[in-house]
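So this block is final21.pdb, PDB, C-alpha atoms (C1' of nucleotides):
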```pdb
MODEL        1
ATOM      1  CA  MET A  12      18.434  -8.505  20.280
ATOM      2  CA  LYS A  13      17.363 -10.273  17.121
ATOM      3  CA  LEU A  14      15.035  -8.095  15.043
ATOM      4  CA  ALA A  15      13.325  -9.617  12.017
ATOM      5  CA  THR A  16      10.896  -8.689   9.262
ATOM      6  CA  TRP A  17       8.774 -11.041   7.177
ATOM      7  CA  ASN A  18       6.024 -10.498   4.636
ATOM      8  CA  VAL A  19       4.027 -13.678   5.258
ATOM      9  CA  ASN A  20       1.456 -13.212   2.443
ATOM     10  CA  SER A  21      -1.551 -14.343   4.506
ATOM     11  CA  LEU A  22      -1.004 -15.061   8.194
ATOM     12  CA  LYS A  23      -3.840 -17.574   8.107
ATOM     13  CA  VAL A  24      -2.051 -19.690   5.507
ATOM     14  CA  ARG A  25       1.439 -19.127   6.964
ATOM     15  CA  LEU A  26       0.790 -19.470  10.727
ATOM     16  CA  GLY A  27       2.427 -22.908  10.860
ATOM     17  CA  HIS A  28       5.474 -21.645   8.977
ATOM     18  CA  LEU A  29       5.664 -18.652  11.297
ATOM     19  CA  THR A  30       5.492 -20.573  14.582
ATOM     20  CA  ASP A  31       8.026 -23.135  13.303
ATOM     21  CA  TRP A  32      10.306 -20.310  12.233
ATOM     22  CA  LEU A  33       9.948 -18.468  15.575
ATOM     23  CA  ALA A  34      11.030 -21.649  17.367
ATOM     24  CA  ALA A  35      13.984 -22.171  15.018
ATOM     25  CA  ALA A  36      15.244 -18.605  14.583
ATOM     26  CA  GLN A  37      14.406 -17.315  18.090
ATOM     27  CA  PRO A  38      13.927 -13.647  17.148
ATOM     28  CA  ASP A  39      13.137 -11.142  19.911
ATOM     29  CA  VAL A  40      11.104  -8.776  17.735
ATOM     30  CA  VAL A  41       9.319  -9.603  14.471
ATOM     31  CA  CYS A  42       7.639  -7.218  12.042
ATOM     32  CA  LEU A  43       5.006  -8.948   9.892
ATOM     33  CA  GLN A  44       3.332  -7.688   6.722
ATOM     34  CA  GLU A  45       0.469  -8.744   4.457
ATOM     35  CA  LEU A  46      -1.495 -10.459   7.203
ATOM     36  CA  LYS A  47      -4.612 -10.289   4.998
ATOM     37  CA  LEU A  48      -6.856 -10.715   8.021
ATOM     38  CA  GLU A  49      -8.766  -8.450  10.362
ATOM     39  CA  ASP A  50      -7.835  -7.906  14.017
ATOM     40  CA  ALA A  51     -10.605 -10.229  15.208
ATOM     41  CA  LYS A  52      -8.946 -13.112  13.339
ATOM     42  CA  PHE A  53      -5.405 -12.393  14.500
ATOM     43  CA  PRO A  54      -3.991 -15.572  16.143
ATOM     44  CA  ARG A  55      -3.000 -13.846  19.386
ATOM     45  CA  GLU A  56      -3.301 -16.930  21.589
ATOM     46  CA  GLU A  57      -1.251 -19.181  19.300
ATOM     47  CA  LEU A  58       1.521 -16.572  19.174
ATOM     48  CA  ALA A  59       1.348 -16.057  22.952
ATOM     49  CA  ALA A  60       1.768 -19.817  23.371
ATOM     50  CA  ALA A  61       4.874 -19.503  21.171
ATOM     51  CA  GLY A  62       6.183 -16.883  23.600
ATOM     52  CA  TYR A  63       5.285 -13.663  21.792
ATOM     53  CA  GLN A  64       3.159 -10.689  22.698
ATOM     54  CA  SER A  65       1.676  -8.913  19.734
ATOM     55  CA  ALA A  66       0.291  -5.662  18.412
ATOM     56  CA  CYS A  67      -1.817  -5.926  15.272
ATOM     57  CA  PHE A  68      -3.220  -3.492  12.694
ATOM     58  CA  GLY A  69      -5.239  -5.856  10.551
ATOM     59  CA  GLN A  70      -7.362  -5.595   7.430
ATOM     60  CA  LYS A  71      -9.507  -8.097   5.622
ATOM     61  CA  THR A  72      -8.087  -9.480   2.316
ATOM     62  CA  TYR A  73      -5.353  -6.871   1.841
ATOM     63  CA  ASN A  74      -2.424  -5.374   3.765
ATOM     64  CA  GLY A  75      -2.345  -5.761   7.558
ATOM     65  CA  VAL A  76       0.768  -5.463   9.755
ATOM     66  CA  ALA A  77       1.829  -6.638  13.200
ATOM     67  CA  ILE A  78       4.740  -6.552  15.625
ATOM     68  CA  LEU A  79       5.588  -9.586  17.774
ATOM     69  CA  ALA A  80       7.928  -9.375  20.741
ATOM     70  CA  ARG A  81       9.032 -11.456  23.691
ATOM     71  CA  ALA A  82       9.087  -8.283  25.838
ATOM     72  CA  PRO A  83       6.144  -5.932  26.385
ATOM     73  CA  LEU A  84       5.098  -3.620  23.548
ATOM     74  CA  ALA A  85       4.546  -0.019  24.641
ATOM     75  CA  GLU A  86       3.350   3.205  22.941
ATOM     76  CA  VAL A  87       1.657   1.308  20.124
ATOM     77  CA  GLU A  88       0.753   3.601  17.221
ATOM     78  CA  PHE A  89      -1.308   2.734  14.133
ATOM     79  CA  GLY A  90      -0.709   4.164  10.687
ATOM     80  CA  ILE A  91       1.204   7.301   9.736
ATOM     81  CA  PRO A  92      -0.055  10.144  11.960
ATOM     82  CA  GLY A  93      -1.732  12.847   9.893
ATOM     83  CA  PHE A  94      -1.820  10.727   6.725
ATOM     84  CA  ALA A  95      -5.372   9.562   6.066
ATOM     85  CA  ASP A  96      -5.198   6.050   4.605
ATOM     86  CA  GLU A  97      -7.769   3.250   4.445
ATOM     87  CA  GLN A  98      -4.947   0.762   3.959
ATOM     88  CA  LYS A  99      -3.407  -0.727   7.092
ATOM     89  CA  ARG A 100       0.301  -0.520   6.346
ATOM     90  CA  VAL A 101       2.123   0.831   9.400
ATOM     91  CA  ILE A 102       2.303  -0.091  13.071
ATOM     92  CA  ALA A 103       4.863   1.099  15.613
ATOM     93  CA  ALA A 104       5.739   0.105  19.160
ATOM     94  CA  THR A 105       8.517   0.571  21.690
ATOM     95  CA  VAL A 106      10.220  -2.625  22.844
ATOM     96  CA  GLY A 107      13.025  -2.546  25.378
ATOM     97  CA  GLY A 108      13.729   1.111  24.664
ATOM     98  CA  VAL A 109      13.872   0.591  20.890
ATOM     99  CA  ARG A 110      11.259   2.268  18.720
ATOM    100  CA  VAL A 111      10.179  -0.283  16.108
ATOM    101  CA  VAL A 112       8.237   0.811  13.021
ATOM    102  CA  CYS A 113       6.797  -1.982  10.870
ATOM    103  CA  VAL A 114       5.945  -0.953   7.305
ATOM    104  CA  TYR A 115       4.231  -2.501   4.314
ATOM    105  CA  CYS A 116       4.929   0.019   1.570
ATOM    106  CA  PRO A 117       2.606   0.139  -1.447
ATOM    107  CA  ASN A 118       3.400  -2.032  -4.461
ATOM    108  CA  GLY A 119       2.764   0.671  -7.053
ATOM    109  CA  GLN A 120       1.528  -1.793  -9.696
ATOM    110  CA  ALA A 121       2.931   0.045 -12.744
ATOM    111  CA  VAL A 122       4.890   3.236 -13.334
ATOM    112  CA  GLY A 123       2.457   6.040 -14.084
ATOM    113  CA  SER A 124      -0.599   4.303 -12.613
ATOM    114  CA  ASP A 125      -2.785   5.736  -9.854
ATOM    115  CA  LYS A 126      -1.267   3.200  -7.478
ATOM    116  CA  TYR A 127       2.213   4.387  -8.416
ATOM    117  CA  GLU A 128       1.253   7.971  -7.587
ATOM    118  CA  TYR A 129      -0.164   6.753  -4.288
ATOM    119  CA  LYS A 130       3.096   4.897  -3.591
ATOM    120  CA  LEU A 131       5.167   8.057  -4.082
ATOM    121  CA  ARG A 132       2.769  10.156  -1.954
ATOM    122  CA  TRP A 133       2.870   7.459   0.702
ATOM    123  CA  PHE A 134       6.694   7.448   0.763
ATOM    124  CA  THR A 135       6.720  11.230   1.233
ATOM    125  CA  ALA A 136       4.442  10.850   4.259
ATOM    126  CA  LEU A 137       6.606   7.998   5.573
ATOM    127  CA  ARG A 138       9.772  10.087   5.268
ATOM    128  CA  ASP A 139       8.223  12.940   7.256
ATOM    129  CA  TYR A 140       6.969  10.491   9.883
ATOM    130  CA  LEU A 141      10.367   8.806  10.223
ATOM    131  CA  ALA A 142      12.146  12.155  10.483
ATOM    132  CA  ALA A 143       9.860  12.999  13.431
ATOM    133  CA  GLU A 144      10.345   9.556  14.997
ATOM    134  CA  ARG A 145      14.119   9.940  14.648
ATOM    135  CA  ALA A 146      13.944  13.138  16.667
ATOM    136  CA  ARG A 147      11.825  11.507  19.388
ATOM    137  CA  HIS A 148      13.585   8.131  19.576
ATOM    138  CA  PRO A 149      17.377   7.866  19.283
ATOM    139  CA  GLU A 150      17.068   4.092  18.976
ATOM    140  CA  LEU A 151      14.844   3.656  15.925
ATOM    141  CA  ALA A 152      14.438   0.560  13.739
ATOM    142  CA  VAL A 153      12.226   0.547  10.637
ATOM    143  CA  ALA A 154      11.603  -2.888   9.190
ATOM    144  CA  GLY A 155       9.338  -4.226   6.516
ATOM    145  CA  ASP A 156       8.486  -4.721   2.878
ATOM    146  CA  PHE A 157       9.480  -1.480   1.158
ATOM    147  CA  ASN A 158       8.670  -2.670  -2.357
ATOM    148  CA  VAL A 159      11.782  -0.915  -3.635
ATOM    149  CA  ALA A 160      15.000  -2.579  -4.800
ATOM    150  CA  PRO A 161      17.459   0.205  -3.906
ATOM    151  CA  GLU A 162      20.244  -0.607  -6.372
ATOM    152  CA  ASP A 163      20.838  -2.743  -9.446
ATOM    153  CA  ARG A 164      22.712  -5.303  -7.337
ATOM    154  CA  ASP A 165      19.379  -5.873  -5.551
ATOM    155  CA  VAL A 166      17.801  -7.026  -8.824
ATOM    156  CA  HIS A 167      18.381 -10.423 -10.492
ATOM    157  CA  ASP A 168      18.163  -8.960 -14.012
ATOM    158  CA  PRO A 169      18.607  -5.170 -13.933
ATOM    159  CA  LYS A 170      18.277  -4.851 -17.716
ATOM    160  CA  ALA A 171      14.901  -6.615 -17.752
ATOM    161  CA  TRP A 172      13.706  -4.534 -14.787
ATOM    162  CA  GLU A 173      15.051  -1.175 -15.971
ATOM    163  CA  GLY A 174      12.491   1.566 -15.399
ATOM    164  CA  GLN A 175       9.906  -0.860 -14.021
ATOM    165  CA  VAL A 176       7.995  -0.466 -10.788
ATOM    166  CA  HIS A 177      10.187  -1.288  -7.727
ATOM    167  CA  VAL A 178      13.332   0.034  -9.412
ATOM    168  CA  SER A 179      12.231   3.260 -11.149
ATOM    169  CA  GLY A 180      14.098   6.495 -10.498
ATOM    170  CA  PRO A 181      11.366   8.181  -8.427
ATOM    171  CA  GLU A 182      11.003   5.106  -6.214
ATOM    172  CA  ARG A 183      14.736   4.896  -5.626
ATOM    173  CA  SER A 184      14.774   8.629  -4.840
ATOM    174  CA  ALA A 185      11.971   8.050  -2.332
ATOM    175  CA  TRP A 186      14.055   5.272  -0.772
ATOM    176  CA  ARG A 187      17.124   7.530  -0.533
ATOM    177  CA  ALA A 188      14.971  10.197   1.109
ATOM    178  CA  LEU A 189      14.275   7.706   3.913
ATOM    179  CA  LEU A 190      18.019   7.183   4.388
ATOM    180  CA  GLU A 191      18.527  10.967   4.419
ATOM    181  CA  THR A 192      16.523  11.168   7.643
ATOM    182  CA  GLY A 193      19.585   9.499   9.179
ATOM    183  CA  LEU A 194      18.848   5.794   8.804
ATOM    184  CA  VAL A 195      21.148   3.051   7.561
ATOM    185  CA  ASP A 196      20.265   0.070   5.333
ATOM    186  CA  ALA A 197      21.608  -2.444   7.850
ATOM    187  CA  PHE A 198      22.005  -5.236   5.284
ATOM    188  CA  ARG A 199      24.561  -3.189   3.327
ATOM    189  CA  SER A 200      26.617  -2.435   6.433
ATOM    190  CA  PHE A 201      28.069  -5.925   6.029
ATOM    191  CA  GLU A 202      29.655  -7.993   3.315
ATOM    192  CA  GLN A 203      26.914 -10.042   1.689
ATOM    193  CA  PRO A 204      26.699 -12.809  -0.893
ATOM    194  CA  GLU A 205      26.194 -11.733  -4.507
ATOM    195  CA  LYS A 206      22.592 -11.888  -5.679
ATOM    196  CA  SER A 207      21.013 -11.684  -2.241
ATOM    197  CA  PHE A 208      17.250 -11.323  -2.542
ATOM    198  CA  SER A 209      14.257 -11.392  -0.193
ATOM    199  CA  TRP A 210      11.428 -11.999  -2.698
ATOM    200  CA  TRP A 211      11.035 -14.369  -5.638
ATOM    201  CA  ASP A 212       8.100 -14.569  -8.045
ATOM    202  CA  TYR A 213       5.905 -17.627  -7.583
ATOM    203  CA  ARG A 214       5.825 -17.998 -11.351
ATOM    204  CA  MET A 215       8.495 -19.379 -13.639
ATOM    205  CA  MET A 216      10.277 -21.123 -10.781
ATOM    206  CA  GLY A 217      11.638 -17.788  -9.636
ATOM    207  CA  PHE A 218      13.173 -19.144  -6.438
ATOM    208  CA  ARG A 219      14.856 -22.087  -8.165
ATOM    209  CA  ARG A 220      16.427 -19.682 -10.664
ATOM    210  CA  ASN A 221      17.174 -17.128  -7.922
ATOM    211  CA  ALA A 222      15.233 -14.632 -10.025
ATOM    212  CA  GLY A 223      14.437 -12.279  -7.161
ATOM    213  CA  LEU A 224      14.545  -8.797  -5.724
ATOM    214  CA  ARG A 225      15.804  -7.413  -2.425
ATOM    215  CA  ILE A 226      12.821  -5.355  -1.314
ATOM    216  CA  ASP A 227      12.510  -6.281   2.385
ATOM    217  CA  HIS A 228      14.736  -4.087   4.500
ATOM    218  CA  ILE A 229      15.788  -3.117   8.012
ATOM    219  CA  LEU A 230      16.752   0.521   8.566
ATOM    220  CA  LEU A 231      18.578   1.471  11.763
ATOM    221  CA  SER A 232      19.355   4.802  13.441
ATOM    222  CA  PRO A 233      23.070   5.406  14.142
ATOM    223  CA  PRO A 234      23.027   4.211  17.794
ATOM    224  CA  LEU A 235      21.484   0.897  16.697
ATOM    225  CA  SER A 236      23.585   0.636  13.547
ATOM    226  CA  ALA A 237      26.703   0.968  15.692
ATOM    227  CA  ARG A 238      25.567  -2.026  17.747
ATOM    228  CA  CYS A 239      24.426  -4.132  14.787
ATOM    229  CA  THR A 240      26.675  -7.173  14.414
ATOM    230  CA  GLY A 241      25.119  -8.738  11.327
ATOM    231  CA  VAL A 242      22.160  -8.930   8.946
ATOM    232  CA  SER A 243      21.087 -12.022   7.064
ATOM    233  CA  ILE A 244      18.325 -13.308   4.818
ATOM    234  CA  ASP A 245      16.884 -16.630   5.952
ATOM    235  CA  LYS A 246      15.917 -18.555   2.824
ATOM    236  CA  ALA A 247      14.810 -21.699   4.690
ATOM    237  CA  PRO A 248      11.085 -20.822   4.881
ATOM    238  CA  ARG A 249      11.018 -20.201   1.105
ATOM    239  CA  ARG A 250      11.912 -23.876   0.507
ATOM    240  CA  LEU A 251       8.856 -25.191   2.383
ATOM    241  CA  GLU A 252       5.603 -26.376   0.836
ATOM    242  CA  ARG A 253       3.253 -23.465   0.089
ATOM    243  CA  PRO A 254       5.718 -20.735   1.085
ATOM    244  CA  SER A 255       5.312 -16.993   1.256
ATOM    245  CA  ASP A 256       6.928 -15.362  -1.769
ATOM    246  CA  HIS A 257       9.010 -13.293   0.700
ATOM    247  CA  THR A 258      11.508 -14.623   3.200
ATOM    248  CA  PRO A 259      12.642 -13.255   6.588
ATOM    249  CA  VAL A 260      15.434 -10.717   7.056
ATOM    250  CA  ILE A 261      17.113 -10.692  10.471
ATOM    251  CA  ALA A 262      19.363  -8.127  12.166
ATOM    252  CA  GLU A 263      21.386  -8.963  15.241
ATOM    253  CA  ILE A 264      21.875  -5.993  17.583
ATOM    254  CA  SER A 265      24.098  -6.280  20.641
ATOM    255  CA  ASN A 266      22.835  -4.952  23.959
ATOM    256  CA  ILE A 267      26.067  -3.222  24.922
TER
ATOM    257  C1'  DA B  21       3.487 -14.349 -26.842
ATOM    258  C1'  DT B  22       3.532  -8.971 -21.250
ATOM    259  C1'  DG B  23       1.821 -14.969 -19.723
ATOM    260  C1'  DG B  24       3.622 -18.095 -16.317
ATOM    261  C1'  DC B  25       1.655 -18.495  -9.366
ATOM    262  C1'  DT B  26      -0.859 -17.606  -5.085
ATOM    263  C1'  DA B  27      -4.500 -15.691  -1.877
ATOM    264  C1'  DC B  28      -8.915 -13.963  -1.476
ATOM    265  C1'  DG B  29     -13.769 -13.460  -1.981
ATOM    266  C1'  DA B  30     -16.559 -14.028  -4.964
ATOM    267  C1'  DT B  31     -18.180 -18.071  -7.771
ATOM    268  C1'  DC B  32     -16.020 -21.526 -11.537
ATOM    269  C1'  DC B  33     -13.662 -15.545 -12.732
ATOM    270  C1'  DG B  34     -11.758 -10.889 -11.225
ATOM    271  C1'  DT B  35      -8.437  -8.289  -8.357
ATOM    272  C1'  DA B  36      -4.026  -7.801  -6.478
ATOM    273  C1'  DG B  37       0.529  -8.782  -5.537
ATOM    274  C1'  DA B  38       5.732  -7.750  -7.335
TER
ENDMDL
END
```
Can the structure in the file be given as structure tokens, please?
Amino acid sequence: MKLATWNVNSLKVRLGHLTDWLAAAQPDVVCLQELKLEDAKFPREELAAAGYQSACFGQKTYNGVAILARAPLAEVEFGIPGFADEQKRVIAATVGGVRVVCVYCPNGQAVGSDKYEYKLRWFTALRDYLAAERARHPELAVAGDFNVAPEDRDVHDPKAWEGQVHVSGPERSAWRALLETGLVDAFRSFEQPEKSFSWWDYRMMGFRRNAGLRIDHILLSPPLSARCTGVSIDKAPRRLERPSDHTPVIAEISNI
DNA sequence: ATGGCTACGATCCGTAGA
């Protein structure tokens, strides 16, 4: 099974990139973030024609998440249960026995801001939710845009970013708390190229300079981690005209 | 020099992203 995550930064703008990429990469399950469109405008038919069923939790202008899969999506759940939130950031579904949670974690804007406080509160709720999901579903995959670069090697210029939002101590602690529920950062289970990133700023030719962050992640429970044979970042879509600022991350999980 | 793009929904600028 190929499981992918991609923050498309407007599904309306990126639909062509997405369908081309689905045909090229042939993922079985795809978690999408930042759809920036409401459910009524979700391109269900176009994605069905590409061979994918979908579950969508959309929102106009901001946020919005979806899961695509070639196999049926069951037990679809919207948001973090018990955490009241206007922002559509989480959707979960069971595909082929695997519980898939798609997340678009808050940006946080700036350390100390209201949005930063919201981000930390949100991560606490996510951790509790994932701990409960872990207990219910042995095969759990959590994929999405976490808006946290876990370590300095996930940052193009750690000195420049020191203490900033996405790398601050409390955010990295919140990230580690997710791992402490018994999940593995699948990307780091394998040898990877130096300076591997999943997001590059549109400004200052960030992609050309490889001035990026690794903030898009796939977390796997131990039974899935044991069957994971590789994780890679696909930079091809970032080279296209009018790209998303994020690029897909793909995990290959064997069925044995 | 704290900016530089991009998307969106509102106008021809403000908000947000990261």
Residues of chain A within 12 Å of chain B, all atoms listed in the file counted, as a PyMOL selection string: chain A and resi 18-25+45-48+71-74+116-121+126+156-160+172+175-178+209-218+223-227+253-257
For the residues selected in the previous step, produce a file with C-alpha atoms as a tab-separated table (two decimals), keeping the file's coordinate frame.
```
chain	number	residue	atom	x	y	z
A	18	ASN	CA	6.02	-10.50	4.64
A	19	VAL	CA	4.03	-13.68	5.26
A	20	ASN	CA	1.46	-13.21	2.44
A	21	SER	CA	-1.55	-14.34	4.51
A	22	LEU	CA	-1.00	-15.06	8.19
A	23	LYS	CA	-3.84	-17.57	8.11
A	24	VAL	CA	-2.05	-19.69	5.51
A	25	ARG	CA	1.44	-19.13	6.96
A	45	GLU	CA	0.47	-8.74	4.46
A	46	LEU	CA	-1.50	-10.46	7.20
A	47	LYS	CA	-4.61	-10.29	5.00
A	48	LEU	CA	-6.86	-10.72	8.02
A	71	LYS	CA	-9.51	-8.10	5.62
A	72	THR	CA	-8.09	-9.48	2.32
A	73	TYR	CA	-5.35	-6.87	1.84
A	74	ASN	CA	-2.42	-5.37	3.76
A	116	CYS	CA	4.93	0.02	1.57
A	117	PRO	CA	2.61	0.14	-1.45
A	118	ASN	CA	3.40	-2.03	-4.46
A	119	GLY	CA	2.76	0.67	-7.05
A	120	GLN	CA	1.53	-1.79	-9.70
A	121	ALA	CA	2.93	0.04	-12.74
A	126	LYS	CA	-1.27	3.20	-7.48
A	156	ASP	CA	8.49	-4.72	2.88
A	157	PHE	CA	9.48	-1.48	1.16
A	158	ASN	CA	8.67	-2.67	-2.36
A	159	VAL	CA	11.78	-0.92	-3.64
A	160	ALA	CA	15.00	-2.58	-4.80
A	172	TRP	CA	13.71	-4.53	-14.79
A	175	GLN	CA	9.91	-0.86	-14.02
A	176	VAL	CA	8.00	-0.47	-10.79
A	177	HIS	CA	10.19	-1.29	-7.73
A	178	VAL	CA	13.33	0.03	-9.41
A	209	SER	CA	14.26	-11.39	-0.19
A	210	TRP	CA	11.43	-12.00	-2.70
A	211	TRP	CA	11.04	-14.37	-5.64
A	212	ASP	CA	8.10	-14.57	-8.04
A	213	TYR	CA	5.90	-17.63	-7.58
A	214	ARG	CA	5.82	-18.00	-11.35
A	215	MET	CA	8.49	-19.38	-13.64
A	216	MET	CA	10.28	-21.12	-10.78
A	217	GLY	CA	11.64	-17.79	-9.64
A	218	PHE	CA	13.17	-19.14	-6.44
A	223	GLY	CA	14.44	-12.28	-7.16
A	224	LEU	CA	14.54	-8.80	-5.72
A	225	ARG	CA	15.80	-7.41	-2.42
A	226	ILE	CA	12.82	-5.36	-1.31
A	227	ASP	CA	12.51	-6.28	2.38
A	253	ARG	CA	3.25	-23.46	0.09
A	254	PRO	CA	5.72	-20.74	1.08
A	255	SER	CA	5.31	-16.99	1.26
A	256	ASP	CA	6.93	-15.36	-1.77
A	257	HIS	CA	9.01	-13.29	0.70
```
Picked residues, the PyMOL selection byres ((chain A and resi 133-149) around 9), expected as a VMD selection string: chain A and resid 91 to 94 108 to 110 112 116 to 117 128 to 132 150 to 151 153 182 185 to 186 188 to 194 232 to 235
Selection as a ChimeraX atom specification: residues within 12 Å of (-7.0, 5.5, 13.5), counting only C-alpha atoms (C1' of nucleotides): /A:68-69,87-102
Could you take the residues named above and write them with C-alpha atoms, as a CSV table (one decimal), in the frame of the given file?
```csv
chain,number,residue,atom,x,y,z
A,68,PHE,CA,-3.2,-3.5,12.7
A,69,GLY,CA,-5.2,-5.9,10.6
A,87,VAL,CA,1.7,1.3,20.1
A,88,GLU,CA,0.8,3.6,17.2
A,89,PHE,CA,-1.3,2.7,14.1
A,90,GLY,CA,-0.7,4.2,10.7
A,91,ILE,CA,1.2,7.3,9.7
A,92,PRO,CA,-0.1,10.1,12.0
A,93,GLY,CA,-1.7,12.8,9.9
A,94,PHE,CA,-1.8,10.7,6.7
A,95,ALA,CA,-5.4,9.6,6.1
A,96,ASP,CA,-5.2,6.0,4.6
A,97,GLU,CA,-7.8,3.2,4.4
A,98,GLN,CA,-4.9,0.8,4.0
A,99,LYS,CA,-3.4,-0.7,7.1
A,100,ARG,CA,0.3,-0.5,6.3
A,101,VAL,CA,2.1,0.8,9.4
A,102,ILE,CA,2.3,-0.1,13.1
```
Within 7 Å of Trp17 (chain A) using all atoms listed in the file, minus same-chain residues under 2 positions, as a list of chain:residue names: A:Ala15, A:Val19, A:Cys42, A:Leu43, A:Gln44, A:Gly155, A:His257, A:Thr258, A:Pro259, A:Val260
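For the pair CA of Glu205 (chain A) and CA of Ser179 (chain A), the interatomic distance is 21.5 Å.
With all atoms listed in the file as the atoms that count, the residue of A:Ala104, A:Val40, A:Ala51, A:Ala152 with the shortest distance to Ala66 (chain A) is A:Ala104.
For the pair CA of Leu230 (chain A) and CA of Lys13 (chain A), the interatomic distance is 13.8 Å.
In this model, the gap between CA of Ala103 (chain A) and CA of Asp39 (chain A) comes to 15.4 Å.
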Ile261 (chain A) surroundings by all atoms listed in the file, 8 Å radius, close-in-sequence under 3 positions cut, as a list in words: Lys13, Leu14, Ala15, Thr16, Pro38, Val242, Ser243, Ile244 and Asp245 of chain A
